[in-house]
file my_file.cif (mmCIF, C-alpha atoms)
data_query
#
loop_
_atom_site.group_PDB
_atom_site.id
_atom_site.type_symbol
_atom_site.label_atom_id
_atom_site.label_comp_id
_atom_site.auth_asym_id
_atom_site.auth_seq_id
_atom_site.Cartn_x
_atom_site.Cartn_y
_atom_site.Cartn_z
ATOM 1 C CA MET A 16 141.254 153.336 107.599
ATOM 2 C CA ARG A 17 137.685 153.477 108.924
ATOM 3 C CA PRO A 18 136.542 156.450 106.762
ATOM 4 C CA THR A 19 137.731 154.550 103.671
ATOM 5 C CA ALA A 20 135.843 151.428 104.750
ATOM 6 C CA ARG A 21 132.659 153.469 105.311
ATOM 7 C CA LEU A 22 133.017 155.110 101.912
ATOM 8 C CA LEU A 23 133.463 151.753 100.183
ATOM 9 C CA THR A 24 130.543 150.225 102.104
ATOM 10 C CA GLY A 25 128.294 153.159 101.232
ATOM 11 C CA GLY A 26 129.254 152.896 97.561
ATOM 12 C CA ALA A 27 128.564 149.159 97.548
ATOM 13 C CA LEU A 28 125.128 149.707 99.141
ATOM 14 C CA ALA A 29 124.274 152.327 96.496
ATOM 15 C CA VAL A 30 125.197 149.883 93.710
ATOM 16 C CA VAL A 31 123.035 147.157 95.294
ATOM 17 C CA ALA A 32 120.091 149.576 95.644
ATOM 18 C CA VAL A 33 120.275 150.572 91.975
ATOM 19 C CA ALA A 34 120.583 146.928 90.900
ATOM 20 C CA ALA A 35 117.548 145.989 93.020
ATOM 21 C CA GLY A 36 115.476 148.713 91.360
ATOM 22 C CA GLY A 37 115.259 150.991 94.378
ATOM 23 C CA LEU A 38 116.745 153.919 92.452
ATOM 24 C CA ALA A 39 115.717 153.101 88.883
ATOM 25 C CA ALA A 40 116.585 155.710 86.300
ATOM 26 C CA PRO A 41 113.633 157.149 84.357
ATOM 27 C CA SER A 42 113.203 156.165 80.720
ATOM 28 C CA HIS A 43 114.194 159.048 78.457
ATOM 29 C CA ALA A 44 111.900 157.971 75.620
ATOM 30 C CA ALA A 45 108.851 157.634 77.880
ATOM 31 C CA ASP A 46 109.357 161.035 79.509
ATOM 32 C CA THR A 47 109.875 163.059 76.355
ATOM 33 C CA GLY A 48 107.545 161.282 73.919
ATOM 34 C CA VAL A 49 110.486 160.422 71.659
ATOM 35 C CA ALA A 50 110.156 157.130 69.780
ATOM 36 C CA GLU A 51 112.738 155.082 67.954
ATOM 37 C CA LEU A 52 113.523 155.600 64.291
ATOM 38 C CA GLU A 53 115.313 152.628 62.703
ATOM 39 C CA VAL A 54 118.218 153.818 60.540
ATOM 40 C CA ARG A 55 119.913 151.123 58.391
ATOM 41 C CA PRO A 56 122.755 150.684 57.994
ATOM 42 C CA VAL A 57 123.846 152.545 61.093
ATOM 43 C CA GLY A 58 127.375 153.061 59.746
ATOM 44 C CA VAL A 59 127.792 154.419 56.211
ATOM 45 C CA VAL A 60 130.394 156.150 54.092
ATOM 46 C CA PRO A 61 129.594 159.389 52.267
ATOM 47 C CA GLY A 62 127.600 158.733 49.084
ATOM 48 C CA GLU A 63 125.760 155.618 50.374
ATOM 49 C CA ARG A 64 121.992 155.229 50.626
ATOM 50 C CA VAL A 65 120.263 154.940 54.026
ATOM 51 C CA SER A 66 116.883 153.315 54.776
ATOM 52 C CA VAL A 67 114.699 154.705 57.554
ATOM 53 C CA ARG A 68 111.718 152.845 59.120
ATOM 54 C CA THR A 69 109.358 153.166 62.065
ATOM 55 C CA THR A 70 106.284 151.458 63.504
ATOM 56 C CA ALA A 71 105.394 154.437 65.719
ATOM 57 C CA CYS A 72 103.106 156.339 63.310
ATOM 58 C CA GLY A 73 100.107 153.957 63.300
ATOM 59 C CA PRO A 74 98.657 151.577 60.695
ATOM 60 C CA ASP A 75 98.456 154.109 57.870
ATOM 61 C CA GLY A 76 101.323 156.147 59.228
ATOM 62 C CA LYS A 77 103.268 158.677 57.274
ATOM 63 C CA ALA A 78 106.076 160.848 58.516
ATOM 64 C CA ALA A 79 108.178 163.765 57.385
ATOM 65 C CA GLY A 80 111.858 163.071 57.906
ATOM 66 C CA ASP A 81 114.770 165.450 58.244
ATOM 67 C CA ALA A 82 118.397 164.425 57.611
ATOM 68 C CA GLY A 83 119.602 168.009 57.485
ATOM 69 C CA ALA A 84 122.131 167.320 60.249
ATOM 70 C CA VAL A 85 124.173 165.216 57.801
ATOM 71 C CA GLY A 86 123.365 167.515 54.874
ATOM 72 C CA ALA A 87 120.824 165.260 53.128
ATOM 73 C CA GLY A 88 117.743 167.444 53.691
ATOM 74 C CA ARG A 89 114.142 166.272 54.005
ATOM 75 C CA PHE A 90 112.647 162.886 53.079
ATOM 76 C CA THR A 91 109.249 161.167 53.386
ATOM 77 C CA LEU A 92 108.280 157.958 55.180
ATOM 78 C CA THR A 93 105.230 156.221 53.671
ATOM 79 C CA PRO A 94 103.349 153.032 54.679
ATOM 80 C CA GLU A 95 105.073 149.849 53.506
ATOM 81 C CA ALA A 96 103.229 146.782 52.293
ATOM 82 C CA PRO A 97 103.051 143.931 54.849
ATOM 83 C CA GLY A 98 106.049 141.642 54.450
ATOM 84 C CA ALA A 99 108.111 144.333 52.689
ATOM 85 C CA SER A 100 111.863 144.082 53.089
ATOM 86 C CA GLY A 101 112.761 145.032 56.642
ATOM 87 C CA ALA A 102 109.119 145.477 57.731
ATOM 88 C CA SER A 103 108.660 144.191 61.242
ATOM 89 C CA GLY A 104 105.119 142.899 60.761
ATOM 90 C CA ALA A 105 104.000 144.806 63.853
ATOM 91 C CA PRO A 106 100.255 145.484 64.138
ATOM 92 C CA GLY A 107 100.853 149.239 63.980
ATOM 93 C CA GLY A 108 102.257 149.060 60.448
ATOM 94 C CA THR A 109 105.632 150.141 59.178
ATOM 95 C CA ALA A 110 106.430 153.419 57.461
ATOM 96 C CA GLY A 111 109.637 153.594 55.473
ATOM 97 C CA GLY A 112 111.718 155.893 53.359
ATOM 98 C CA GLY A 113 115.314 156.840 52.787
ATOM 99 C CA PHE A 114 117.930 159.281 51.617
ATOM 100 C CA ARG A 115 121.474 159.380 50.261
ATOM 101 C CA VAL A 116 124.302 160.676 52.457
ATOM 102 C CA PRO A 117 126.029 163.454 50.518
ATOM 103 C CA PRO A 118 129.607 162.771 49.362
ATOM 104 C CA SER A 119 130.681 165.910 51.246
ATOM 105 C CA ALA A 120 129.521 164.552 54.657
ATOM 106 C CA TYR A 121 132.101 164.559 57.434
ATOM 107 C CA PRO A 122 132.665 161.548 59.716
ATOM 108 C CA GLY A 123 130.628 161.633 62.908
ATOM 109 C CA THR A 124 127.325 160.677 64.528
ATOM 110 C CA TYR A 125 124.236 162.501 63.296
ATOM 111 C CA GLU A 126 120.682 162.576 64.677
ATOM 112 C CA ILE A 127 118.035 161.766 62.065
ATOM 113 C CA VAL A 128 114.582 163.100 62.956
ATOM 114 C CA ALA A 129 111.059 162.374 61.699
ATOM 115 C CA ARG A 130 107.643 163.607 62.770
ATOM 116 C CA CYS A 131 104.480 161.512 62.347
ATOM 117 C CA SER A 132 101.806 163.279 60.301
ATOM 118 C CA ASP A 133 99.014 162.102 62.682
ATOM 119 C CA GLY A 134 99.655 164.057 65.834
ATOM 120 C CA GLY A 135 103.227 165.091 65.249
ATOM 121 C CA ARG A 136 105.011 162.446 67.332
ATOM 122 C CA ARG A 137 108.784 163.086 67.188
ATOM 123 C CA LEU A 138 111.021 160.145 66.237
ATOM 124 C CA THR A 139 114.821 160.015 66.353
ATOM 125 C CA GLY A 140 117.605 157.675 65.293
ATOM 126 C CA ASP A 141 121.376 157.860 64.946
ATOM 127 C CA LEU A 142 123.468 157.627 61.786
ATOM 128 C CA VAL A 143 127.243 157.123 61.937
ATOM 129 C CA VAL A 144 129.267 158.397 58.967
ATOM 130 C CA THR A 145 132.759 156.905 58.631
ATOM 131 C CA LEU A 146 135.581 157.218 56.112
ATOM 132 C CA ALA A 147 135.839 153.458 55.494
ATOM 133 C CA SER A 148 132.945 151.040 55.410
ATOM 134 C CA ALA A 149 133.069 148.098 57.793
ATOM 135 C CA ARG A 150 131.626 145.938 55.020
ATOM 136 C CA ARG A 151 134.561 146.667 52.723
ATOM 137 C CA SER A 152 137.807 145.689 54.387
ATOM 138 C CA ALA A 153 140.762 147.824 53.450
ATOM 139 C CA HIS A 154 143.865 145.717 52.872
ATOM 140 C CA PRO A 155 147.190 147.404 52.230
ATOM 141 C CA HIS A 156 148.626 146.936 48.780
ATOM 142 C CA GLY A 157 151.668 148.143 46.911
ATOM 143 C CA SER A 158 155.284 148.253 47.944
ATOM 144 C CA VAL A 159 157.258 150.137 50.536
ATOM 145 C CA LYS A 160 159.501 152.826 49.038
ATOM 146 C CA THR A 161 162.777 152.305 50.927
ATOM 147 C CA GLY A 162 165.180 153.187 48.147
ATOM 148 C CA VAL A 163 166.788 149.736 48.307
ATOM 149 C CA GLY A 164 164.488 147.883 45.947
ATOM 150 C CA GLY A 165 162.304 144.860 46.342
ATOM 151 C CA ALA A 166 163.335 141.323 47.284
ATOM 152 C CA VAL A 167 161.511 139.892 44.297
ATOM 153 C CA GLY A 168 162.307 141.778 41.139
ATOM 154 C CA ARG A 169 161.427 141.242 37.518
ATOM 155 C CA ASP A 170 164.818 139.652 36.869
ATOM 156 C CA PRO A 171 165.395 136.383 38.769
ATOM 157 C CA VAL A 172 169.104 136.444 37.798
ATOM 158 C CA GLN A 173 169.634 139.714 39.674
ATOM 159 C CA THR A 174 167.724 138.359 42.669
ATOM 160 C CA ALA A 175 169.901 135.206 42.736
ATOM 161 C CA ALA A 176 173.064 137.320 42.437
ATOM 162 C CA GLY A 177 171.973 139.460 45.379
ATOM 163 C CA VAL A 178 171.249 136.411 47.540
ATOM 164 C CA ALA A 179 174.661 134.894 46.607
ATOM 165 C CA ALA A 180 176.457 138.158 47.499
ATOM 166 C CA LEU A 181 174.740 138.214 50.902
ATOM 167 C CA ALA A 182 175.703 134.581 51.536
ATOM 168 C CA VAL A 183 179.382 135.253 50.661
ATOM 169 C CA ALA A 184 179.429 138.326 52.933
ATOM 170 C CA ALA A 185 177.908 136.347 55.817
ATOM 171 C CA ALA A 186 180.390 133.495 55.376
ATOM 172 C CA GLY A 187 183.341 135.936 55.205
ATOM 173 C CA GLY A 188 182.179 137.764 58.309
ATOM 174 C CA THR A 189 181.817 134.500 60.205
ATOM 175 C CA TRP A 190 185.329 133.375 59.144
ATOM 176 C CA LEU A 191 186.861 136.706 60.272
ATOM 177 C CA LEU A 192 185.093 136.547 63.672
ATOM 178 C CA HIS A 193 186.288 132.966 64.133
ATOM 179 C CA ARG A 194 189.948 133.943 63.398
ATOM 180 C CA ARG A 195 189.732 136.890 65.755
ATOM 181 C CA ALA A 196 188.326 134.712 68.553
ATOM 182 C CA ARG A 197 191.263 132.255 68.107
ATOM 183 C CA GLY A 198 193.732 135.149 68.306
ATOM 184 C CA ASP A 199 195.177 134.687 64.782
ATOM 185 C CA GLY A 200 194.520 138.318 63.836
ATOM 186 C CA ILE A 201 193.565 139.461 60.399
#
call {"tool": "encode", "arguments": {"input": "my_file.cif", "output": "structure tokens"}}
result
Amino acid sequence: MRPTARLLTGGALAVVAVAAGGLAAPSHAADTGVAELEVRPVGVVPGERVSVRTTACGPDGKAAGDAGAVGAGRFTLTPEAPGASGASGAPGGTAGGGFRVPPSAYPGTYEIVARCSDGGRRLTGDLVVTLASARRSAHPHGSVKTGVGGAVGRDPVQTAAGVAALAVAAAGGTWLLHRRARGDGI
């Protein structure tokens, strides 16, 4: 019992140390020089257009983008006018561009890459390709092919006749069960 208690206590102390900042994990972006590339929308279906923006390339920043991972090839990010749609208004300026996801793209997560033209800073962002867009909800439609037919047909007379036949069968079955329970036989 004691080794288990020591193990649990040691694990709890490690969690507290990490939470207190004693064993803070290094920032991946700071260590590698990788900056964020804003990809909108994050989730798309094949054939949709994607916008890409960054504030990491400076006030007059330009960047060469590469969406080859998803099959879209290269694209260019150019400085956007202040107040442009989606521009953050950051002092460094916003560079933007875009591309169209090819209709042949497979579902998955793809890394989109760009490199600033002033110094070659590498920027990355993720794009998720799905089969169905979250913006367009897919509701089932149509009928189930059971071989029996639908409950609501084109002919209300046939529907009424079917309901009447079911009611007569239910009443007859109930009557027979009642007679059998009394012992009268059939």
call {"tool": "closest_residue", "arguments": {"input": "my_file.cif", "among": "A:Pro61, A:Gly73, A:Pro56, A:Gly135", "to": "Tyr121 of chain A", "atoms": "all atoms listed in the file"}}
result
A:Pro61
call {"tool": "residues_around", "arguments": {"input": "my_file.cif", "residues": "segment 107-115 of chain A", "least_positions_apart": "2", "cutoff": "9 Å", "atoms": "only C-alpha atoms", "output": "VMD selection string"}}
result
chain A and resid 54 61 to 78 80 82 87 to 97 102 to 105 117 to 118
call {"tool": "atom_distance", "arguments": {"input": "my_file.cif", "atom1": "atom CA of Leu146 of chain A", "atom2": "atom CA of Gly86 of chain A"}}
result
16.0 Å
call {"tool": "atom_distance", "arguments": {"input": "my_file.cif", "atom1": "atom CA of Val59 of chain A", "atom2": "atom CA of Val128 of chain A"}}
result
17.2 Å
call {"tool": "atom_distance", "arguments": {"input": "my_file.cif", "atom1": "atom CA of Arg136 of chain A", "atom2": "atom CA of Thr124 of chain A"}}
result
22.6 Å
call {"tool": "resolve_selection", "arguments": {"input": "my_file.cif", "expression": "the PyMOL selection byres ((chain A and resi 125) around 9)", "output": "PDB file with C-alpha atoms, keeping the file's coordinate frame"}}
result
ATOM      1  CA  ALA A  82     118.397 164.425  57.611  1.00  0.00           C
ATOM      2  CA  ALA A  84     122.131 167.320  60.249  1.00  0.00           C
ATOM      3  CA  VAL A  85     124.173 165.216  57.801  1.00  0.00           C
ATOM      4  CA  GLY A 123     130.628 161.633  62.908  1.00  0.00           C
ATOM      5  CA  THR A 124     127.325 160.677  64.528  1.00  0.00           C
ATOM      6  CA  GLU A 126     120.682 162.576  64.677  1.00  0.00           C
ATOM      7  CA  ILE A 127     118.035 161.766  62.065  1.00  0.00           C
ATOM      8  CA  GLY A 140     117.605 157.675  65.293  1.00  0.00           C
ATOM      9  CA  ASP A 141     121.376 157.860  64.946  1.00  0.00           C
ATOM     10  CA  LEU A 142     123.468 157.627  61.786  1.00  0.00           C
ATOM     11  CA  VAL A 143     127.243 157.123  61.937  1.00  0.00           C
ATOM     12  CA  VAL A 144     129.267 158.397  58.967  1.00  0.00           C
TER      13      VAL A 144
END
